[in-house]
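**Q** Before we start, here is the structure in question, set down as structure tokens.
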Amino acid sequence: MPTHYLLPALLLWACTDGGAVRTRLVEHAAHAERDRLVASDLHVWRTVDTSDVQAQADVACLRRFFVNKMDPNAAQDFWWQPDVETYVRPYEDLLYTEYDSTARLRYLPTLMDRRPLPDGTRLLRVKWATRDSTGRAEEVRQVFDFLARDTPEGTRLALPLAWNTATWPRYQVGPLTYIVSPERRFDPAVARAQEQDVEALGRFFGIAPFPITYYSFKDPADLFRARGFQVHPMMYAHATGGRLDHGGQVYAGNNSERYTHEIVHAFIFRSLDRNGMDLLHEGLATWLGGSNEHPYAWHRAQLQRMLAEEPDRDLRQDLNVYNSAYYADETNVAYTIGALVVEHILRTAGRDALFALFAEEHAELSALEKQGIREAEINSWVREALKKEALLFAP
């Protein structure tokens, strides 16, 4: 549209809003220059009633969260302590939502709805979105439902997971407590197979099986909704998926009682802690438990097929497990290279040598040089390793 047609409409809008456009233009430019949110970055939608004291306390708690969540030295007087005890890092998924891929503040939060629930808590629905020069939302990145809880110390935020799953069926199978989405049907036979996996992993890691809470979802979208996300960029990115939180809860979005890859992560964290390079964490979980419903041997063959199709592919670009390419939509290339590394170390140096690598805090890929693996030579190394007969986990 030519600007001379647009300008009269903008001027008319400015007149009816008493100068708000000028203020929002300043705000729009200012937040891009900062690296942290400030209290005023949280907008409250005009339909949200904040006239009573409790509503004002809820909004104030939200503002404290956005201002202080990135500062470990700030008072953590915004989150419900039982959540911290259960999940350890309950709001980890919300730390960087407002940042774009270049670490700039871009997606600012707006409280869209505040709704009382029967147990006295309040649901606070927050949307993160880019804003145009008038302050209106353009690109929505994420929508999340917080719970606001009353405590002796004042209002505190909490995850809605326990509320969302309070009426879901629960089943006990050995050390596994299943909490099953109503979107699917519990399968006892598959749960027993997962119990056998747990026993085999106990033998491999040399520790006794331990209690594991296992949330079983139909798919990743079902998983995200239960955890509080109404909109998330990864909700529909993959047909299956799962995760393990820092408190040891497993979230399996694969329409099954069996997701051994994430169970392996629970054993790694219990037995070997959280140190060591991410490539080994995902590699060991893939070597022992497969990935995306397929065992390691299948992904290994897929990696061979990919390299046959792409002989010039530079695998140095495929070592970041957080930004990994997929082959044929199902084989995570970084995970499979990591599993190949695990296979090599187990074959040449043994389990103790592999476990020792997990003890190295913030280990870089250079730690693999003692095992004859150099990042600069990863292309030739992977191709030679794939020529050898696979070493597979035998439960």
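Within each chain, counting starts at residue 1; across the structure tokens, chains are named A, B, ... in the order shown, with ligands numbered 1 upward in that order.
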Pull the helix (DSSP H, G or I) assignments for segment 42-263 of chain A out of DSSP run on the backbone, and list those residues as a ChimeraX atom specification.

**A** /A:53-68,81-87,92-94,161-164,188-205,220-226,260-263

**Q** Would you list the contacts of Asp312 of chain A as a PyMOL selection string, taking every protein, DNA or RNA residue within 12 Å and counting only C-alpha atoms, but skipping same-chain residues closer than 6 positions in sequence?

**A** chain A and resi 306+379-380+383

**Q** Enter the distance from atom CA of Arg156 of chain A to atom CA of Asp58 of chain A, in Å, rounded to one decimal.

**A**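 Value for the atom CA of Arg156 of chain A-atom CA of Asp58 of chain A distance: 7.9 Å.
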
**Q** Quick one: residues within 12 Å of Gln56 of chain A, only C-alpha atoms counted, chain neighbours fewer than 4 positions away excluded, as a list in words?

**A**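 Returned residues: Val44, Val48, Asp49, Thr50, Ser51, Asp52, Ala60, Cys61, Leu62, Arg63, Arg114, Ala148, Gly154 and Thr155 of chain A.
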
**Q** If you measure from atom CA of Arg227 of chain A to atom CA of Leu161 of chain A, what distance in Å do you get, rounded to one decimal?

**A**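 Those two atoms sit 4.9 Å apart.
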
**Q** Report, in Å to a single decimal, how far apart atom CA of Ile263 of chain A and atom CA of Glu195 of chain A are.

**A**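 Spanning atom CA of Glu195 of chain A to atom CA of Ile263 of chain A is a straight-line distance of 10.3 Å.
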
**Q** As a count of residues only, please: the residues near Glu85 of chain A (cut-off 12 Å, only C-alpha atoms, same-chain neighbours under 3 positions excluded).

**A** 11

**Q** List the spatial neighbours of Glu293 of chain A as JSON, numbers by chain - criterion: any atom at most 9 Å away, only C-alpha atoms, same-chain residues fewer than 3 positions off excluded.

**A** {"A": [240, 254, 259, 290, 330]}

**Q** For the residues in the current selection, export N, CA and C atoms as a PDB file, in the first residue's frame.

**A**
ATOM      1  N   THR A 240       6.918 -38.027  17.036  1.00  0.00           N
ATOM      2  CA  THR A 240       7.155 -38.534  18.390  1.00  0.00           C
ATOM      3  C   THR A 240       8.263 -37.708  19.030  1.00  0.00           C
ATOM      4  N   ASN A 254       5.080 -40.601  22.575  1.00  0.00           N
ATOM      5  CA  ASN A 254       5.176 -41.579  21.485  1.00  0.00           C
ATOM      6  C   ASN A 254       4.060 -42.619  21.522  1.00  0.00           C
ATOM      7  N   TYR A 259       9.744 -45.877  26.279  1.00  0.00           N
ATOM      8  CA  TYR A 259      10.571 -44.841  25.664  1.00  0.00           C
ATOM      9  C   TYR A 259      11.946 -44.942  26.314  1.00  0.00           C
ATOM     10  N   GLY A 290      18.034 -46.612  21.495  1.00  0.00           N
ATOM     11  CA  GLY A 290      17.529 -46.211  20.199  1.00  0.00           C
ATOM     12  C   GLY A 290      16.994 -44.793  20.217  1.00  0.00           C
ATOM     13  N   GLU A 330      13.793 -39.200  10.432  1.00  0.00           N
ATOM     14  CA  GLU A 330      13.757 -40.012  11.644  1.00  0.00           C
ATOM     15  C   GLU A 330      15.121 -40.228  12.300  1.00  0.00           C
TER      16      GLU A 330
END

**Q** I'd like the contact shell of Ala239 of chain A - 12 Å cut-off, only C-alpha atoms, skipping same-chain residues fewer than 6 positions apart - returned as a PyMOL selection string.

**A** chain A and resi 217-223+252-255+292-293+329-330

**Q** Using only C-alpha atoms, which of the listed residues (A:Arg184, A:Arg270, A:Arg192, A:Arg64) sits closest to Ile207 of chain A?

**A** A:Arg270

**Q** Return the single residue from A:Glu262, A:Glu153, A:Asp197, A:Glu98 that is closest to Trp128 of chain A, with distances computed using only C-alpha atoms.

**A** A:Glu98

**Q** Which residue gives the smallest distance to Val250 of chain A among A:Arg131, A:Leu279, A:Trp381, A:Tyr87, with only C-alpha atoms counted?

**A**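 Nearest to Val250 of chain A: A:Tyr87.
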
**Q** Can you work out which one of A:Val140, A:Ala363, A:Met70, A:Leu159 has the shortest atom-to-atom distance to Asn275 of chain A, counting only C-alpha atoms?

**A**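 Selected residue with least distance to Asn275 of chain A: A:Ala363.
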
**Q** List the spatial neighbours of Thr47 of chain A as a ChimeraX atom specification - criterion: any atom at most 12 Å away, only C-alpha atoms, same-chain residues fewer than 5 positions off excluded.

**A** /A:110-115

**Q** Would you give me, as JSON, numbers by chain, the residues in segment 86-290 of chain A that DSSP reads as strand (DSSP E)?

**A** {"A": [108, 109, 110, 111, 112, 113, 114, 115, 116, 122, 123, 124, 125, 126, 127, 128, 129, 130, 131, 137, 138, 139, 140, 141, 142, 143, 144, 145, 146, 147, 148, 149, 150, 151, 154, 155, 156, 157, 158, 170, 171, 172, 173, 176, 177, 178, 179, 180, 212, 213, 214, 215, 216, 229, 230, 231, 241, 242, 243, 244, 250, 251, 252, 253]}
